[in-house]
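Text of my_file-v6.cif, listed as mmCIF, C-alpha atoms:
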```
data_my_file
loop_
_atom_site.label_atom_id
_atom_site.label_comp_id
_atom_site.auth_asym_id
_atom_site.auth_seq_id
_atom_site.Cartn_x
_atom_site.Cartn_y
_atom_site.Cartn_z
CA MET A 1 -11.52 -38.89 45.71
CA SER A 2 -10.01 -35.40 45.56
CA THR A 3 -8.68 -34.50 42.14
CA THR A 4 -6.56 -31.34 42.10
CA VAL A 5 -7.04 -29.05 39.12
CA THR A 6 -6.05 -25.51 38.18
CA VAL A 7 -8.84 -23.05 37.50
CA LEU A 8 -8.13 -20.03 35.28
CA TYR A 9 -10.41 -16.99 35.49
CA PHE A 10 -10.69 -14.67 32.50
CA GLY A 11 -12.41 -11.36 31.85
CA ALA A 12 -15.22 -10.55 34.27
CA ALA A 13 -14.68 -13.90 36.00
CA GLY A 14 -11.16 -12.82 36.92
CA GLU A 15 -12.47 -9.60 38.38
CA ILE A 16 -15.03 -11.43 40.49
CA ALA A 17 -12.54 -14.03 41.71
CA GLY A 18 -9.99 -11.29 42.35
CA LYS A 19 -7.25 -13.54 41.00
CA PRO A 20 -6.22 -15.01 37.65
CA SER A 21 -6.10 -18.61 38.83
CA GLU A 22 -6.31 -20.95 41.77
CA VAL A 23 -6.03 -24.62 42.61
CA MET A 24 -9.27 -26.41 43.49
CA GLU A 25 -10.43 -29.93 44.06
CA ALA A 26 -13.22 -31.65 42.16
CA ASP A 27 -13.73 -34.92 40.34
CA ASP A 28 -15.82 -33.48 37.53
CA THR A 29 -16.69 -30.14 35.98
CA ASP A 30 -20.23 -30.03 37.42
CA THR A 31 -18.91 -30.32 40.95
CA LEU A 32 -16.23 -27.76 40.16
CA CYS A 33 -18.76 -25.26 38.81
CA ASN A 34 -20.92 -25.69 41.90
CA ARG A 35 -17.92 -24.95 44.13
CA ILE A 36 -16.97 -21.90 42.10
CA LEU A 37 -20.52 -20.51 42.22
CA GLU A 38 -20.67 -21.18 45.94
CA LYS A 39 -17.37 -19.47 46.57
CA TYR A 40 -18.10 -16.51 44.26
CA PRO A 41 -21.89 -15.95 44.18
CA ALA A 42 -21.43 -13.00 41.76
CA MET A 43 -20.12 -15.48 39.17
CA GLU A 44 -23.78 -16.36 38.62
CA THR A 45 -24.15 -13.13 36.63
CA VAL A 46 -21.45 -14.17 34.16
CA PRO A 47 -22.59 -16.49 31.33
CA PHE A 48 -19.32 -18.40 31.22
CA ARG A 49 -18.27 -21.42 29.21
CA LEU A 50 -15.56 -23.90 30.17
CA ALA A 51 -12.39 -24.97 28.45
CA LEU A 52 -10.72 -28.17 29.57
CA ASN A 53 -7.03 -28.13 28.72
CA ARG A 54 -7.60 -25.36 26.15
CA VAL A 55 -10.54 -27.02 24.44
CA LEU A 56 -14.06 -25.66 24.83
CA ILE A 57 -16.35 -28.29 26.30
CA LYS A 58 -20.10 -28.34 25.89
CA GLU A 59 -20.98 -31.04 28.39
CA GLY A 60 -19.89 -31.98 31.89
CA SER A 61 -16.67 -33.98 32.00
CA PRO A 62 -14.72 -35.97 34.59
CA LEU A 63 -11.47 -34.35 35.69
CA LYS A 64 -7.97 -35.79 35.94
CA GLU A 65 -5.18 -34.67 38.25
CA ASN A 66 -3.57 -31.41 37.00
CA ASP A 67 -6.24 -30.66 34.43
CA ILE A 68 -6.58 -26.99 33.53
CA ILE A 69 -10.10 -25.62 33.58
CA ALA A 70 -10.65 -22.14 32.18
CA ILE A 71 -13.69 -20.04 33.06
CA LEU A 72 -14.49 -18.13 29.86
CA PRO A 73 -16.97 -15.25 29.82
CA PRO A 74 -18.20 -14.22 26.35
CA PHE A 75 -15.26 -13.36 24.08
CA LYS A 76 -14.90 -9.68 23.25
CA GLY A 77 -12.06 -9.43 20.78
CA GLY A 78 -11.81 -7.14 17.77
CA MET B 1 -25.94 20.71 -41.47
CA SER B 2 -22.39 19.78 -40.48
CA THR B 3 -21.84 19.79 -36.72
CA THR B 4 -18.20 19.48 -35.73
CA VAL B 5 -17.48 17.29 -32.73
CA THR B 6 -14.41 15.76 -31.13
CA VAL B 7 -14.26 11.97 -30.92
CA LEU B 8 -12.11 10.36 -28.21
CA TYR B 9 -10.99 6.75 -28.64
CA PHE B 10 -10.14 4.69 -25.57
CA GLY B 11 -8.73 1.22 -24.97
CA ALA B 12 -9.07 -1.12 -27.95
CA ALA B 13 -10.89 1.60 -29.90
CA GLY B 14 -7.80 3.79 -29.67
CA GLU B 15 -5.66 0.99 -31.00
CA ILE B 16 -7.97 0.42 -33.94
CA ALA B 17 -8.23 4.11 -34.77
CA GLY B 18 -4.48 4.50 -34.30
CA LYS B 19 -5.04 7.83 -32.59
CA PRO B 20 -6.50 9.06 -29.29
CA SER B 21 -8.90 11.54 -30.86
CA GLU B 22 -10.04 13.22 -34.02
CA VAL B 23 -12.52 15.81 -35.21
CA MET B 24 -15.52 14.52 -37.15
CA GLU B 25 -18.78 15.89 -38.46
CA ALA B 26 -22.20 14.52 -37.63
CA ASP B 27 -25.53 15.88 -36.45
CA ASP B 28 -26.35 13.01 -34.16
CA THR B 29 -24.68 10.04 -32.49
CA ASP B 30 -26.21 7.43 -34.80
CA THR B 31 -24.75 9.12 -37.84
CA LEU B 32 -21.43 9.52 -36.04
CA CYS B 33 -21.30 5.82 -35.13
CA ASN B 34 -22.04 4.84 -38.72
CA ARG B 35 -19.18 7.01 -39.92
CA ILE B 36 -16.79 5.61 -37.35
CA LEU B 37 -17.69 2.00 -38.24
CA GLU B 38 -17.32 2.80 -41.92
CA LYS B 39 -13.93 4.41 -41.40
CA TYR B 40 -12.68 1.70 -39.02
CA PRO B 41 -14.41 -1.59 -39.88
CA ALA B 42 -12.51 -3.39 -37.08
CA MET B 43 -14.38 -1.21 -34.60
CA GLU B 44 -17.29 -3.58 -35.17
CA THR B 45 -15.54 -6.13 -32.97
CA VAL B 46 -15.46 -3.73 -30.02
CA PRO B 47 -18.67 -3.58 -27.93
CA PHE B 48 -18.31 0.12 -27.18
CA ARG B 49 -20.60 2.52 -25.37
CA LEU B 50 -20.73 6.28 -25.87
CA ALA B 51 -20.21 9.15 -23.49
CA LEU B 52 -21.44 12.57 -24.53
CA ASN B 53 -19.53 15.29 -22.71
CA ARG B 54 -18.39 12.79 -20.06
CA VAL B 55 -21.83 11.30 -19.45
CA LEU B 56 -22.68 7.78 -20.60
CA ILE B 57 -25.65 7.81 -22.95
CA LYS B 58 -27.95 4.92 -23.57
CA GLU B 59 -29.88 6.24 -26.55
CA GLY B 60 -29.03 8.15 -29.69
CA SER B 61 -28.72 11.87 -29.19
CA PRO B 62 -28.43 14.97 -31.38
CA LEU B 63 -25.03 16.65 -31.35
CA LYS B 64 -24.09 20.28 -30.81
CA GLU B 65 -21.03 22.07 -32.11
CA ASN B 66 -17.90 21.14 -30.08
CA ASP B 67 -19.52 18.26 -28.25
CA ILE B 68 -17.10 15.61 -27.03
CA ILE B 69 -18.02 12.04 -27.85
CA ALA B 70 -16.01 9.28 -26.24
CA ILE B 71 -15.88 5.75 -27.61
CA LEU B 72 -15.72 3.51 -24.55
CA PRO B 73 -14.89 -0.18 -24.81
CA PRO B 74 -15.72 -2.26 -21.71
CA PHE B 75 -13.99 -0.82 -18.64
CA LYS B 76 -11.16 -2.93 -17.27
CA GLY B 77 -10.02 -1.19 -14.13
CA GLY B 78 -8.93 -2.82 -10.90
CA MET C 1 4.79 -19.60 25.15
CA LYS C 2 5.32 -17.15 22.35
CA ASN C 3 2.13 -16.36 20.53
CA ARG C 4 2.28 -15.23 16.92
CA TYR C 5 -1.20 -13.80 17.02
CA LEU C 6 -1.02 -11.57 20.07
CA VAL C 7 0.98 -8.40 20.54
CA GLY C 8 1.36 -6.36 23.72
CA GLY C 9 -0.17 -2.89 23.47
CA PRO C 10 -1.40 -1.18 20.32
CA ILE C 11 -0.55 -2.45 16.84
CA THR C 12 1.74 0.34 15.63
CA PRO C 13 1.89 1.84 12.13
CA LEU C 14 5.40 0.38 11.89
CA LEU C 15 4.17 -3.13 12.62
CA ILE C 16 1.35 -2.68 10.10
CA SER C 17 3.84 -1.55 7.45
CA GLU C 18 5.99 -4.57 8.17
CA MET C 19 3.08 -6.97 7.98
CA MET C 20 1.98 -5.42 4.72
CA THR C 21 5.28 -6.38 3.11
CA LEU C 22 4.65 -10.05 3.89
CA GLY C 23 3.58 -11.86 0.77
CA ASN C 24 4.70 -8.93 -1.38
CA ASP C 25 6.82 -11.27 -3.48
CA ASP C 26 3.80 -13.37 -4.47
CA VAL C 27 3.09 -12.15 -7.99
CA GLY C 28 0.12 -14.49 -8.27
CA ALA C 29 -1.74 -12.59 -5.55
CA GLY C 30 -3.86 -10.02 -7.34
CA ALA C 31 -5.95 -9.05 -4.34
CA VAL C 32 -5.13 -8.05 -0.79
CA SER C 33 -7.90 -7.41 1.69
CA ILE C 34 -7.05 -5.75 4.98
CA PHE C 35 -9.13 -5.05 8.05
CA ILE C 36 -8.00 -2.76 10.83
CA GLY C 37 -9.93 -2.60 14.08
CA LYS C 38 -9.43 0.48 16.24
CA VAL C 39 -10.54 1.50 19.69
CA ARG C 40 -13.41 3.98 19.45
CA ASP C 41 -13.97 6.80 21.93
CA ASP C 42 -17.52 5.60 22.58
CA GLU C 43 -19.65 7.16 25.26
CA ILE C 44 -20.90 4.59 27.76
CA ASN C 45 -23.26 5.76 30.50
CA GLY C 46 -22.15 9.33 29.92
CA LYS C 47 -18.45 8.51 30.17
CA ARG C 48 -16.06 8.64 27.24
CA VAL C 49 -13.85 5.57 26.59
CA LYS C 50 -10.18 6.56 26.86
CA ALA C 51 -8.73 3.12 26.25
CA ILE C 52 -9.50 -0.58 26.27
CA GLU C 53 -7.56 -3.12 28.25
CA TYR C 54 -7.50 -6.46 26.46
CA SER C 55 -6.72 -9.76 28.12
CA ALA C 56 -6.39 -13.14 26.45
CA TYR C 57 -6.07 -16.83 27.18
CA ASN C 58 -2.78 -17.10 25.34
CA ASP C 59 -2.43 -20.84 24.88
CA MET C 60 -5.97 -21.30 23.71
CA ALA C 61 -5.77 -18.23 21.44
CA GLU C 62 -2.84 -19.75 19.59
CA LYS C 63 -4.73 -22.97 19.04
CA GLU C 64 -7.95 -21.26 17.96
CA ALA C 65 -6.10 -18.90 15.62
CA ASN C 66 -4.38 -21.81 13.90
CA GLU C 67 -7.72 -23.53 13.44
CA ILE C 68 -9.38 -20.40 12.10
CA ILE C 69 -6.66 -20.05 9.47
CA LYS C 70 -6.96 -23.70 8.50
CA THR C 71 -10.76 -23.46 8.22
CA VAL C 72 -10.73 -20.26 6.17
CA MET C 73 -8.03 -21.54 3.81
CA MET C 74 -10.17 -24.60 3.16
CA ALA C 75 -13.37 -22.62 2.61
CA PHE C 76 -11.80 -20.06 0.25
CA SER C 77 -9.57 -21.93 -2.15
CA ASP C 78 -8.29 -18.82 -3.93
CA VAL C 79 -6.78 -17.48 -0.67
CA ARG C 80 -2.99 -17.60 -0.60
CA LYS C 81 -1.93 -16.11 2.72
CA ILE C 82 -3.60 -15.06 5.96
CA PHE C 83 -2.02 -12.91 8.67
CA PHE C 84 -3.60 -11.41 11.76
CA VAL C 85 -2.65 -10.06 15.14
CA HIS C 86 -4.68 -8.89 18.09
CA SER C 87 -3.59 -6.60 20.89
CA THR C 88 -3.41 -7.51 24.54
CA GLY C 89 -2.96 -4.92 27.27
CA THR C 90 -3.93 -1.29 26.98
CA VAL C 91 -4.88 0.28 23.64
CA ARG C 92 -5.99 3.90 23.63
CA ALA C 93 -8.85 5.36 21.59
CA GLY C 94 -7.74 5.83 17.99
CA GLU C 95 -5.09 3.12 18.25
CA VAL C 96 -5.22 -0.20 16.44
CA SER C 97 -6.11 -3.41 18.28
CA LEU C 98 -6.70 -5.78 15.38
CA PHE C 99 -5.01 -6.23 12.01
CA ILE C 100 -6.03 -8.82 9.43
CA MET C 101 -4.55 -9.30 5.97
CA VAL C 102 -5.64 -11.82 3.37
CA THR C 103 -4.03 -12.26 -0.02
CA ALA C 104 -5.76 -14.14 -2.83
CA GLY C 105 -5.65 -14.50 -6.55
CA HIS C 106 -8.80 -12.41 -6.99
CA ARG C 107 -10.97 -9.99 -5.08
CA ASP C 108 -13.89 -12.25 -4.29
CA HIS C 109 -12.20 -14.68 -1.95
CA ALA C 110 -9.85 -12.02 -0.57
CA THR C 111 -12.69 -9.80 0.63
CA ARG C 112 -15.02 -12.58 1.75
CA ALA C 113 -12.32 -14.50 3.62
CA CYS C 114 -11.23 -11.30 5.36
CA ARG C 115 -14.75 -10.60 6.54
CA HIS C 116 -15.18 -14.21 7.62
CA ILE C 117 -12.00 -14.04 9.67
CA ILE C 118 -13.28 -10.97 11.51
CA GLU C 119 -16.40 -12.87 12.49
CA MET C 120 -14.46 -16.03 13.38
CA LEU C 121 -12.09 -14.08 15.59
CA LYS C 122 -14.98 -12.37 17.39
CA GLU C 123 -16.61 -15.73 17.94
CA ARG C 124 -13.64 -17.92 18.76
CA LEU C 125 -10.62 -15.92 19.93
CA PRO C 126 -10.48 -16.02 23.74
CA VAL C 127 -9.97 -12.30 24.25
CA TRP C 128 -11.74 -9.99 26.69
CA LYS C 129 -11.89 -6.28 27.03
CA LYS C 130 -12.42 -3.75 29.74
CA GLU C 131 -13.17 -0.13 28.98
CA LEU C 132 -11.06 2.47 30.74
CA PHE C 133 -12.52 5.97 31.18
CA MET D 1 -7.13 18.73 -14.99
CA LYS D 2 -5.68 17.26 -11.87
CA ASN D 3 -7.40 14.03 -10.92
CA ARG D 4 -7.42 12.96 -7.29
CA TYR D 5 -8.27 9.39 -8.15
CA LEU D 6 -5.61 8.58 -10.71
CA VAL D 7 -1.88 8.24 -10.19
CA GLY D 8 0.79 7.73 -12.83
CA GLY D 9 2.54 4.37 -12.55
CA PRO D 10 2.30 1.92 -9.65
CA ILE D 11 0.84 2.88 -6.29
CA THR D 12 3.96 2.78 -4.13
CA PRO D 13 4.26 1.50 -0.56
CA LEU D 14 5.06 5.07 0.44
CA LEU D 15 1.83 6.39 -1.07
CA ILE D 16 -0.09 3.59 0.61
CA SER D 17 1.47 4.46 3.98
CA GLU D 18 0.54 8.09 3.47
CA MET D 19 -3.03 7.29 2.54
CA MET D 20 -3.34 5.03 5.54
CA THR D 21 -2.64 7.95 7.86
CA LEU D 22 -5.64 9.85 6.43
CA GLY D 23 -8.51 9.71 8.86
CA ASN D 24 -6.18 8.48 11.61
CA ASP D 25 -7.36 11.28 13.88
CA ASP D 26 -10.98 10.10 13.71
CA VAL D 27 -11.40 8.33 17.05
CA GLY D 28 -14.99 7.43 16.17
CA ALA D 29 -13.84 5.18 13.33
CA GLY D 30 -13.53 1.72 14.81
CA ALA D 31 -13.15 -0.10 11.51
CA VAL D 32 -10.93 0.41 8.49
CA SER D 33 -11.33 -1.81 5.45
CA ILE D 34 -8.67 -1.72 2.77
CA PHE D 35 -8.46 -3.35 -0.61
CA ILE D 36 -5.28 -3.51 -2.65
CA GLY D 37 -5.36 -4.65 -6.24
CA LYS D 38 -2.10 -5.89 -7.75
CA VAL D 39 -0.99 -6.91 -11.20
CA ARG D 40 -0.76 -10.70 -11.43
CA ASP D 41 1.77 -12.52 -13.56
CA ASP D 42 -1.01 -14.43 -15.31
CA GLU D 43 -0.27 -16.70 -18.24
CA ILE D 44 -2.30 -15.75 -21.31
CA ASN D 45 -2.00 -17.93 -24.40
CA GLY D 46 1.26 -19.35 -23.07
CA LYS D 47 2.79 -15.95 -22.41
CA ARG D 48 3.45 -14.56 -18.95
CA VAL D 49 2.16 -11.05 -18.13
CA LYS D 50 5.09 -8.78 -17.26
CA ALA D 51 3.09 -5.60 -16.74
CA ILE D 52 -0.21 -3.92 -17.46
CA GLU D 53 -0.54 -0.59 -19.16
CA TYR D 54 -3.58 1.28 -17.89
CA SER D 55 -5.25 4.14 -19.69
CA ALA D 56 -8.13 6.25 -18.46
CA TYR D 57 -10.63 8.87 -19.55
CA ASN D 58 -9.45 11.33 -16.92
CA ASP D 59 -12.28 13.84 -16.89
CA MET D 60 -14.97 11.22 -16.79
CA ALA D 61 -13.10 9.18 -14.19
CA GLU D 62 -13.11 12.14 -11.83
CA LYS D 63 -16.85 12.58 -12.25
CA GLU D 64 -17.64 8.87 -11.88
CA ALA D 65 -15.40 8.55 -8.83
CA ASN D 66 -17.15 11.43 -7.12
CA GLU D 67 -20.51 9.85 -7.84
CA ILE D 68 -19.39 6.45 -6.60
CA ILE D 69 -18.29 7.99 -3.30
CA LYS D 70 -21.57 9.86 -2.95
CA THR D 71 -23.61 6.74 -3.70
CA VAL D 72 -21.68 4.51 -1.32
CA MET D 73 -21.78 7.07 1.50
CA MET D 74 -25.55 7.20 1.14
CA ALA D 75 -25.98 3.43 1.03
CA PHE D 76 -23.75 2.75 4.04
CA SER D 77 -24.59 5.32 6.68
CA ASP D 78 -21.94 4.16 9.15
CA VAL D 79 -19.15 4.94 6.65
CA ARG D 80 -17.07 7.98 7.61
CA LYS D 81 -14.40 8.33 4.92
CA ILE D 82 -13.65 6.82 1.53
CA PHE D 83 -10.34 7.09 -0.32
CA PHE D 84 -9.23 5.37 -3.49
CA VAL D 85 -6.72 5.72 -6.27
CA HIS D 86 -6.16 3.81 -9.49
CA SER D 87 -3.00 3.65 -11.54
CA THR D 88 -2.60 4.84 -15.08
CA GLY D 89 0.42 3.97 -17.21
CA THR D 90 2.59 0.93 -16.71
CA VAL D 91 2.36 -1.22 -13.59
CA ARG D 92 4.53 -4.32 -13.38
CA ALA D 93 3.48 -7.73 -12.03
CA GLY D 94 3.50 -7.63 -8.25
CA GLU D 95 2.97 -3.88 -8.13
CA VAL D 96 -0.18 -2.17 -6.88
CA SER D 97 -2.66 -0.63 -9.32
CA LEU D 98 -5.64 -0.03 -7.02
CA PHE D 99 -5.94 1.10 -3.43
CA ILE D 100 -9.24 1.56 -1.60
CA MET D 101 -9.72 2.53 2.04
CA VAL D 102 -13.01 2.90 3.87
CA THR D 103 -13.36 3.96 7.48
CA ALA D 104 -16.57 3.39 9.42
CA GLY D 105 -17.80 3.19 12.95
CA HIS D 106 -18.10 -0.59 12.80
CA ARG D 107 -16.93 -3.51 10.71
CA ASP D 108 -20.12 -4.29 8.86
CA HIS D 109 -20.41 -1.15 6.76
CA ALA D 110 -16.63 -0.78 6.45
CA THR D 111 -16.20 -4.19 4.84
CA ARG D 112 -19.37 -4.14 2.75
CA ALA D 113 -18.82 -0.61 1.46
CA CYS D 114 -15.23 -1.50 0.52
CA ARG D 115 -16.37 -4.50 -1.47
CA HIS D 116 -19.12 -2.47 -3.10
CA ILE D 117 -16.61 0.18 -4.15
CA ILE D 118 -14.46 -2.46 -5.84
CA GLU D 119 -17.45 -3.58 -7.88
CA MET D 120 -18.54 -0.01 -8.63
CA LEU D 121 -15.06 0.93 -9.82
CA LYS D 122 -14.89 -2.12 -12.08
CA GLU D 123 -18.29 -1.23 -13.50
CA ARG D 124 -18.07 2.52 -13.75
CA LEU D 125 -14.48 3.79 -13.78
CA PRO D 126 -13.43 4.50 -17.38
CA VAL D 127 -10.11 2.67 -17.22
CA TRP D 128 -8.68 0.20 -19.72
CA LYS D 129 -5.78 -2.16 -19.59
CA LYS D 130 -3.39 -3.76 -21.99
CA GLU D 131 -1.22 -6.69 -20.99
CA LEU D 132 2.48 -6.41 -21.74
CA PHE D 133 4.46 -9.64 -22.11
#
```

Output the structure of this file as structure tokens.
Amino acid sequence: MSTTVTVLYFGAAGEIAGKPSEVMEADDTDTLCNRILEKYPAMETVPFRLALNRVLIKEGSPLKENDIIAILPPFKGG
Amino acid sequence: MSTTVTVLYFGAAGEIAGKPSEVMEADDTDTLCNRILEKYPAMETVPFRLALNRVLIKEGSPLKENDIIAILPPFKGG
Amino acid sequence: MKNRYLVGGPITPLLISEMMTLGNDDVGAGAVSIFIGKVRDDEINGKRVKAIEYSAYNDMAEKEANEIIKTVMMAFSDVRKIFFVHSTGTVRAGEVSLFIMVTAGHRDHATRACRHIIEMLKERLPVWKKELF
Amino acid sequence: MKNRYLVGGPITPLLISEMMTLGNDDVGAGAVSIFIGKVRDDEINGKRVKAIEYSAYNDMAEKEANEIIKTVMMAFSDVRKIFFVHSTGTVRAGEVSLFIMVTAGHRDHATRACRHIIEMLKERLPVWKKELF
């Protein structure tokens, strides 16, 4: 019941988490997001999107062992 | 009654005239154009515009002594 | 993983010169459109920006960049070559953080594709910035 | 009369590099848009273009170029600097005959002004060409 995934924090999310990545446990992205927001309440102020294994996802998704979830604040390139 | 002006030929007009410029006599641009077309019948195939002292003109204009009239085929820069 | 689209620090005049020679041998390319993005010394809340620190999600950037190129090449059929690089790390005010070059047969697709790439990169390239004062 | 906007022969990489350093010290210019026009080796009536010979009405070109710059600066208020040069004389296929650079605070006016200048030059610069085969 505990799927282990790697969470990557970028931009403002990385500053709030105070680290670039960490390992967490969750069976789907909704559960994962809840845990992240619980652990880092300030993350609520960041309008982030998620990438699952480098692909932006628009809806909640189940997670597999060793999936990579990236927390992506609005892009600011250029 | 004979105003002396300098005529400059550019692009295809220069090739038809076989020279870059010449002195002609005319009191206005309409008369000048008639003379040019008479002298160089092939000029009829060139859709030229006129510049009077470096300024494009859209209507016929009287000419003063030493005016510079340029025969301008369609621009092809770039 | 090496990323062709990201470069550490500012994009130097030397690198720009080098990139501008790419595609030079293509005598069918009549138009080259280039965009250079530079760090501005903007004033934010009364403080002057000295530099911007860029970070990127490297792996995803590579994938997105490849897709952007594919999409733009399809949309603008006269385009012949597309190159771009974006800085990561610290780039000071006045220095270059983005370079885009598009070659095409004619001006229309060269200029429009170049502009479209700017917008696509802003929208899709996973890059973030932090102003340093 | 010396003409700032016309150069004899091709616009060399060296000249381009030099022009690209102009305005480099303007740390408020976040966007630079460049257009480079090159001679294509087009096939015309079964013959391949080897070079183009450009001629110009120098005095008028200077005046028109000044007016184009004034007009574009007024239309695009974010534009900070405009530079361009056009070749006269012989430019071979693959060589550069037109270079335009626009700096602006932001990308929108930089790219649009650059494109507008291309069109204005084509429309208003008294330059002619003759293909050499």

Q: Would you list the contacts of Gly37 of chain D as a list of chain:residue names, taking every protein, DNA or RNA residue within 9 Å and counting all atoms listed in the file, but skipping same-chain residues closer than 4 positions in sequence?
A: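 Final neighbour list, sorted by chain and number: B:Gly78, C:Ala29, C:Gly30, C:Ala31, C:Val32, C:Ser33, C:His106, C:Arg107, D:Glu95, D:Val96, D:Ser97, D:Leu98, D:Phe99, D:Ile100.
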
Counting all atoms listed in the file, a student should be able to say which residues of chain D come within 8 Å of chain C; what is the right answer, written as a short mmCIF file (atom, residue, chain, number, x, y, z; two decimals) with C-alpha atoms, keeping the file's coordinate frame?
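Writing done, so here's part-v5.cif:
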```cif
data_model
loop_
_atom_site.label_atom_id
_atom_site.label_comp_id
_atom_site.auth_asym_id
_atom_site.auth_seq_id
_atom_site.Cartn_x
_atom_site.Cartn_y
_atom_site.Cartn_z
CA SER D 17 1.47 4.46 3.98
CA ASN D 24 -6.18 8.48 11.61
CA ASP D 25 -7.36 11.28 13.88
CA ASP D 26 -10.98 10.10 13.71
CA VAL D 27 -11.40 8.33 17.05
CA GLY D 28 -14.99 7.43 16.17
CA ALA D 29 -13.84 5.18 13.33
CA GLY D 30 -13.53 1.72 14.81
CA ALA D 31 -13.15 -0.10 11.51
CA VAL D 32 -10.93 0.41 8.49
CA SER D 33 -11.33 -1.81 5.45
CA ILE D 34 -8.67 -1.72 2.77
CA PHE D 35 -8.46 -3.35 -0.61
CA ILE D 36 -5.28 -3.51 -2.65
CA GLY D 37 -5.36 -4.65 -6.24
CA LYS D 38 -2.10 -5.89 -7.75
CA VAL D 39 -0.99 -6.91 -11.20
CA ARG D 40 -0.76 -10.70 -11.43
CA ASP D 41 1.77 -12.52 -13.56
CA ASP D 42 -1.01 -14.43 -15.31
CA ALA D 93 3.48 -7.73 -12.03
CA GLY D 94 3.50 -7.63 -8.25
CA GLY D 105 -17.80 3.19 12.95
CA ARG D 107 -16.93 -3.51 10.71
CA THR D 111 -16.20 -4.19 4.84
CA ARG D 115 -16.37 -4.50 -1.47
#
```

Q.
Evaluated on this file, the PyMOL selection byres ((chain B and resi 46) around 8) picks out some residues - which ones are they, written as a list of chain:residue names?
A.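 Expected selection for the PyMOL selection byres ((chain B and resi 46) around 8) here is B:Ala12, B:Ala13, B:Ala42, B:Met43, B:Glu44, B:Thr45, B:Pro47, B:Phe48, B:Pro73.
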
Q.
Just checking: using only C-alpha atoms, which residue out of D:Thr71, D:Val91, D:Leu22, D:Asn3 ends up closest to His116 of chain D?
A.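 Of D:Thr71, D:Val91, D:Leu22, D:Asn3, the one nearest His116 of chain D, counting only C-alpha atoms, is D:Thr71.
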
**Q.** chain D residues near chain B (8 Å cut-off, all atoms listed in the file) as a count of residues only
**A.** 22

Q | Target residues per the PyMOL selection byres ((chain A and resi 2-5) around 6), formatted as a list of chain:residue names | A | A:Met1, A:Thr6, A:Val23, A:Met24, A:Glu25, A:Ala26, A:Asp27, A:Glu65, A:Asn66, A:Asp67, A:Ile68

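Atom CA of Ala51 of chain C to atom CA of Gly18 of chain A spans 21.6 Å [interatomic distance, one decimal].
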
Q. Applied to this file, what does the PyMOL selection byres ((chain D and resi 6) around 6) return in terms of residues, put as a list in words?
A.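 Residues picked by the PyMOL selection byres ((chain D and resi 6) around 6): Asn3, Arg4, Tyr5, Val7, Val85, His86 and Ser87 of chain D.
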
Would you kindly return, as a PDB file with C-alpha atoms, keeping the file's coordinate frame, each protein, DNA or RNA residue with an atom no farther than 9 Å from any atom of Tyr40 of chain A, considering all atoms listed in the file and excluding same-chain residues fewer than 5 positions away?
```
ATOM      1  CA  ILE A  16     -15.030 -11.430  40.490  1.00  0.00           C
ATOM      2  CA  ALA A  17     -12.540 -14.030  41.710  1.00  0.00           C
ATOM      3  CA  ARG A  35     -17.920 -24.950  44.130  1.00  0.00           C
TER       4      ARG A  35
END
```

(Q) Can you pull out the residues contacting Ile57 of chain A? Cut-off 10 Å, using all atoms listed in the file, and skip same-chain residues under 6 positions away; I want them as a VMD selection string. (A) chain A and resid 29 49 to 51 69

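Of the listed residues C:Val72, C:Ile11, C:Met19, C:Ala65, the one whose atoms come nearest to His109 of chain C is C:Val72, with distances taken using only C-alpha atoms.
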
Q) What is the distance, in Å and to one decimal place, between atom CA of Cys33 of chain A and atom CA of Gly60 of chain A? A) 9.7 Å
